[in-house]
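J.: Mind having a look at this structure? Questions to follow.
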Amino acid sequence: MTRRVRDVMSPGAVAVEPMTTLERAARVMREQNVGDVLVVYDCDLFGLLTDRDIVIRAVAEGRDPHTTTAGSVCTRPPVVTLGPDDTTDRAVELMRQHAVRRLPVVERGGCPVGMVSLGDLATAEDPHSALSDISRADPNH
């Protein structure tokens with residue numbers, strides 16, 4: 001049964017501004033138990049910053065996380081997004097096509113309202129699957 005993204009997404013995605021340091025962004029990720037944050041400026045989606053971006057695009061390149069900004073290493077537009085009324089089938093299609101595990105959910109005009117992850121979709125489709133179990137597990141930090 002196809003559902004709407006609004007029914008499975010994590011509402012109110014965690015966000016930072018483009019000038020936020022990577023150190024602060026990483027702290028926010030840890031505090032919120034997420035692997036990514038939206039980079040947003042005045043309700044406009046500036047990009048998407050993942051924990052992998054911090055490691056690969058900054059730390060591995062010798063950039064200082066105390067001074068390097070989220071906006072300088074995040075994935076910049078065009079970022080693949082969904083609307084809350086899109087279907088979960090569309091979310092799966094976009095994840096497969098773009099080889100991503102998370103998609104920002106934006107309203108008309110581009111204002112972010114949430115995030116949908118591969119785990120969210122797995123939990124919605126088969127709450128007893130291994131991926132669903134992993135997605136619901138407590139963090140190990």
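Ordering of the structure tokens sets the chain letters (A, B, ...), residue numbers begin anew at 1 in every chain, and ligands are numbered from 1 in the order given.
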Write down as a list in words the residues belonging to region 11-111 of chain A that are assigned alpha helix (DSSP H) by DSSP computed on the backbone.
T.: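 Of region 11-111 of chain A, the ones in alpha helix (DSSP H) are Leu22, Glu23, Arg24, Ala25, Ala26, Arg27, Val28, Met29, Arg30, Glu31, Gln32, Asp51, Arg52, Asp53, Ala70, Gly71, Ser72, Val73, Thr88, Asp89, Arg90, Ala91, Val92, Glu93, Leu94, Met95, Arg96, Gln97 and His98 of chain A.
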J.: Per residue of region 26-93 of chain A within 9 Å of region 105-119 of chain A, note the shortest atom pair and the distance in Å to one decimal, counting only C-alpha atoms, and order the rows by chain and increasing residue number, as JSON lines.
T.:
{"residue": "A:Leu38", "atom": "CA", "partner": "A:Pro112", "partner_atom": "CA", "distance": 8.2}
{"residue": "A:Val40", "atom": "CA", "partner": "A:Pro112", "partner_atom": "CA", "distance": 8.2}
{"residue": "A:Asp42", "atom": "CA", "partner": "A:Cys111", "partner_atom": "CA", "distance": 8.8}
{"residue": "A:Cys43", "atom": "CA", "partner": "A:Cys111", "partner_atom": "CA", "distance": 5.1}
{"residue": "A:Asp44", "atom": "CA", "partner": "A:Cys111", "partner_atom": "CA", "distance": 5.7}
{"residue": "A:Leu45", "atom": "CA", "partner": "A:Gly110", "partner_atom": "CA", "distance": 6.6}
{"residue": "A:Thr81", "atom": "CA", "partner": "A:Val105", "partner_atom": "CA", "distance": 5.7}
{"residue": "A:Leu82", "atom": "CA", "partner": "A:Val105", "partner_atom": "CA", "distance": 4.8}
{"residue": "A:Gly83", "atom": "CA", "partner": "A:Val106", "partner_atom": "CA", "distance": 5.2}
{"residue": "A:Pro84", "atom": "CA", "partner": "A:Val105", "partner_atom": "CA", "distance": 6.1}
{"residue": "A:Ala91", "atom": "CA", "partner": "A:Val116", "partner_atom": "CA", "distance": 8.0}
{"residue": "A:Val92", "atom": "CA", "partner": "A:Leu118", "partner_atom": "CA", "distance": 7.9}
J.: If you measure from CA of Thr50 (chain A) to CA of Val80 (chain A), what distance in Å do you get, rounded to one decimal?
T.: 14.2 Å
J.: Within 12 Å of Val34 (chain A), counting only C-alpha atoms, which residues qualify if same-chain residues fewer than 5 places away don't, as a list in words?
T.: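 With the cut-off at 12 Å, the set is Ser10, Ala13, Val14, Ala15, Ala25, Ala26, Arg27, Val28, Met29, Leu49, Thr50, Asp51, Arg52, Arg102, Met115, Val116, Ser117, Gly119, Ser135, Asp138, Pro139 and His141 of chain A.
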J.: Would you mind exporting all heavy atoms of the selected residues as a short mmCIF file (atom, residue, chain, number, x, y, z; two decimals), in the first residue's frame?
T.:
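For reference, part.cif as written:
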data_model
loop_
_atom_site.label_atom_id
_atom_site.label_comp_id
_atom_site.auth_asym_id
_atom_site.auth_seq_id
_atom_site.Cartn_x
_atom_site.Cartn_y
_atom_site.Cartn_z
N SER A 10 10.17 12.11 9.24
CA SER A 10 10.48 12.69 10.54
C SER A 10 10.21 14.18 10.40
O SER A 10 10.91 14.86 9.64
CB SER A 10 11.93 12.45 10.91
OG SER A 10 12.19 11.06 11.00
N ALA A 13 12.78 18.54 10.54
CA ALA A 13 14.17 18.11 10.39
C ALA A 13 15.13 19.06 11.09
O ALA A 13 14.90 20.26 11.17
CB ALA A 13 14.53 18.01 8.91
N VAL A 14 16.20 18.50 11.60
CA VAL A 14 17.22 19.28 12.29
C VAL A 14 17.96 20.13 11.25
O VAL A 14 18.32 19.65 10.18
CB VAL A 14 18.20 18.33 13.01
CG1 VAL A 14 19.27 19.11 13.75
CG2 VAL A 14 17.44 17.40 13.96
N ALA A 15 18.17 21.39 11.60
CA ALA A 15 18.78 22.32 10.65
C ALA A 15 19.82 23.20 11.33
O ALA A 15 19.74 23.46 12.54
CB ALA A 15 17.71 23.19 10.00
N ALA A 25 27.89 21.72 14.12
CA ALA A 25 26.96 20.87 13.37
C ALA A 25 27.07 19.42 13.84
O ALA A 25 26.05 18.74 14.02
CB ALA A 25 27.23 20.97 11.87
N ALA A 26 28.29 18.94 14.07
CA ALA A 26 28.49 17.57 14.55
C ALA A 26 27.89 17.40 15.94
O ALA A 26 27.29 16.36 16.25
CB ALA A 26 29.97 17.23 14.55
N ARG A 27 28.03 18.40 16.77
CA ARG A 27 27.45 18.35 18.11
C ARG A 27 25.92 18.27 18.03
O ARG A 27 25.28 17.52 18.76
CB ARG A 27 27.90 19.55 18.93
CG ARG A 27 27.82 19.31 20.41
CD ARG A 27 28.40 20.42 21.27
NE ARG A 27 29.77 20.74 20.94
CZ ARG A 27 30.20 21.96 20.58
NH1 ARG A 27 29.36 22.97 20.51
NH2 ARG A 27 31.46 22.17 20.31
N VAL A 28 25.34 19.06 17.13
CA VAL A 28 23.89 19.03 16.93
C VAL A 28 23.46 17.64 16.48
O VAL A 28 22.46 17.09 16.97
CB VAL A 28 23.45 20.12 15.92
CG1 VAL A 28 22.01 19.91 15.48
CG2 VAL A 28 23.64 21.51 16.51
N MET A 29 24.19 17.04 15.54
CA MET A 29 23.87 15.69 15.07
C MET A 29 23.89 14.70 16.23
O MET A 29 22.99 13.86 16.37
CB MET A 29 24.85 15.24 13.99
CG MET A 29 24.70 15.92 12.67
SD MET A 29 25.96 15.29 11.53
CE MET A 29 25.79 16.41 10.17
N LEU A 49 23.95 18.47 4.94
CA LEU A 49 25.25 18.11 5.51
C LEU A 49 25.10 16.78 6.23
O LEU A 49 24.27 16.65 7.13
CB LEU A 49 25.72 19.18 6.49
CG LEU A 49 27.06 18.92 7.17
CD1 LEU A 49 28.21 19.04 6.17
CD2 LEU A 49 27.26 19.86 8.34
N THR A 50 25.91 15.80 5.84
CA THR A 50 25.89 14.49 6.48
C THR A 50 27.15 14.30 7.30
O THR A 50 28.15 15.01 7.10
CB THR A 50 25.80 13.36 5.44
OG1 THR A 50 27.01 13.33 4.68
CG2 THR A 50 24.59 13.53 4.53
N ASP A 51 27.11 13.32 8.20
CA ASP A 51 28.30 12.99 8.96
C ASP A 51 29.43 12.57 8.02
O ASP A 51 30.59 12.89 8.23
CB ASP A 51 28.02 11.93 10.02
CG ASP A 51 27.22 10.73 9.51
OD1 ASP A 51 26.99 10.59 8.29
OD2 ASP A 51 26.81 9.93 10.38
N ARG A 52 29.08 11.93 6.94
CA ARG A 52 30.08 11.53 5.93
C ARG A 52 30.71 12.76 5.26
O ARG A 52 31.90 12.78 5.00
CB ARG A 52 29.42 10.62 4.90
CG ARG A 52 30.36 10.12 3.82
CD ARG A 52 29.68 9.01 3.01
NE ARG A 52 30.30 8.73 1.75
CZ ARG A 52 31.49 8.18 1.56
NH1 ARG A 52 32.24 7.89 2.57
NH2 ARG A 52 31.95 7.95 0.34
N ARG A 102 18.64 9.46 2.43
CA ARG A 102 17.79 10.45 3.09
C ARG A 102 17.37 11.49 2.07
O ARG A 102 18.15 11.87 1.20
CB ARG A 102 18.57 11.15 4.19
CG ARG A 102 19.21 10.26 5.20
CD ARG A 102 20.20 11.07 6.04
NE ARG A 102 20.90 10.26 6.99
CZ ARG A 102 22.18 9.91 6.89
NH1 ARG A 102 22.90 10.32 5.88
NH2 ARG A 102 22.74 9.16 7.81
N MET A 115 12.27 15.24 7.06
CA MET A 115 13.25 14.40 6.40
C MET A 115 12.67 13.00 6.33
O MET A 115 12.01 12.55 7.28
CB MET A 115 14.55 14.39 7.21
CG MET A 115 15.67 13.63 6.59
SD MET A 115 16.45 14.48 5.21
CE MET A 115 17.38 15.72 6.07
N VAL A 116 12.89 12.32 5.23
CA VAL A 116 12.48 10.92 5.12
C VAL A 116 13.74 10.11 4.84
O VAL A 116 14.57 10.49 4.01
CB VAL A 116 11.39 10.69 4.05
CG1 VAL A 116 11.88 10.99 2.66
CG2 VAL A 116 10.81 9.29 4.15
N SER A 117 13.89 9.02 5.59
CA SER A 117 15.09 8.19 5.46
C SER A 117 14.70 6.81 4.95
O SER A 117 13.53 6.40 5.00
CB SER A 117 15.79 8.06 6.80
OG SER A 117 15.02 7.26 7.68
N GLY A 119 15.36 4.18 6.49
CA GLY A 119 14.80 3.51 7.66
C GLY A 119 13.34 3.83 7.88
O GLY A 119 12.55 2.95 8.26
N SER A 135 16.80 0.67 12.47
CA SER A 135 16.40 2.06 12.49
C SER A 135 15.80 2.47 13.83
O SER A 135 15.94 3.62 14.26
CB SER A 135 15.38 2.34 11.38
OG SER A 135 15.98 2.18 10.14
N ASP A 138 18.33 1.84 19.82
CA ASP A 138 18.95 2.96 20.54
C ASP A 138 20.34 3.22 19.97
O ASP A 138 21.02 2.29 19.53
CB ASP A 138 19.07 2.63 22.02
CG ASP A 138 17.72 2.63 22.72
OD1 ASP A 138 16.81 3.34 22.25
OD2 ASP A 138 17.59 1.90 23.72
N PRO A 139 20.77 4.49 20.00
CA PRO A 139 22.11 4.80 19.51
C PRO A 139 23.17 4.13 20.36
O PRO A 139 22.95 3.85 21.54
CB PRO A 139 22.19 6.32 19.62
CG PRO A 139 21.12 6.70 20.60
CD PRO A 139 20.08 5.64 20.52
N HIS A 141 26.24 5.41 21.04
CA HIS A 141 27.32 6.33 21.39
C HIS A 141 27.32 6.63 22.86
O HIS A 141 26.54 6.35 23.65
CB HIS A 141 27.25 7.64 20.60
CG HIS A 141 25.94 8.33 20.58
ND1 HIS A 141 25.34 8.86 21.68
CD2 HIS A 141 25.08 8.56 19.55
CE1 HIS A 141 24.18 9.41 21.35
NE2 HIS A 141 24.01 9.23 20.06
#
J.: Can you list, as a ChimeraX atom specification, all residues belonging to region 50-112 of chain A that DSSP tags as strand (DSSP E)?
T.: /A:50,102-106,112
J.: Would you mind telling me which residue in A:Arg24, A:Asp120, A:Thr2, A:Glu17 lies nearest to Thr67 (chain A) when using only C-alpha atoms?
T.: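 Of the candidates, the smallest distance to Thr67 (chain A) is held by A:Arg24.
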J.: What does the distance between CA of Pro78 (chain A) and CA of Val39 (chain A) come to in Å, to one decimal place?
T.: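 One can read the CA of Pro78 (chain A) to CA of Val39 (chain A) distance as 12.9 Å.
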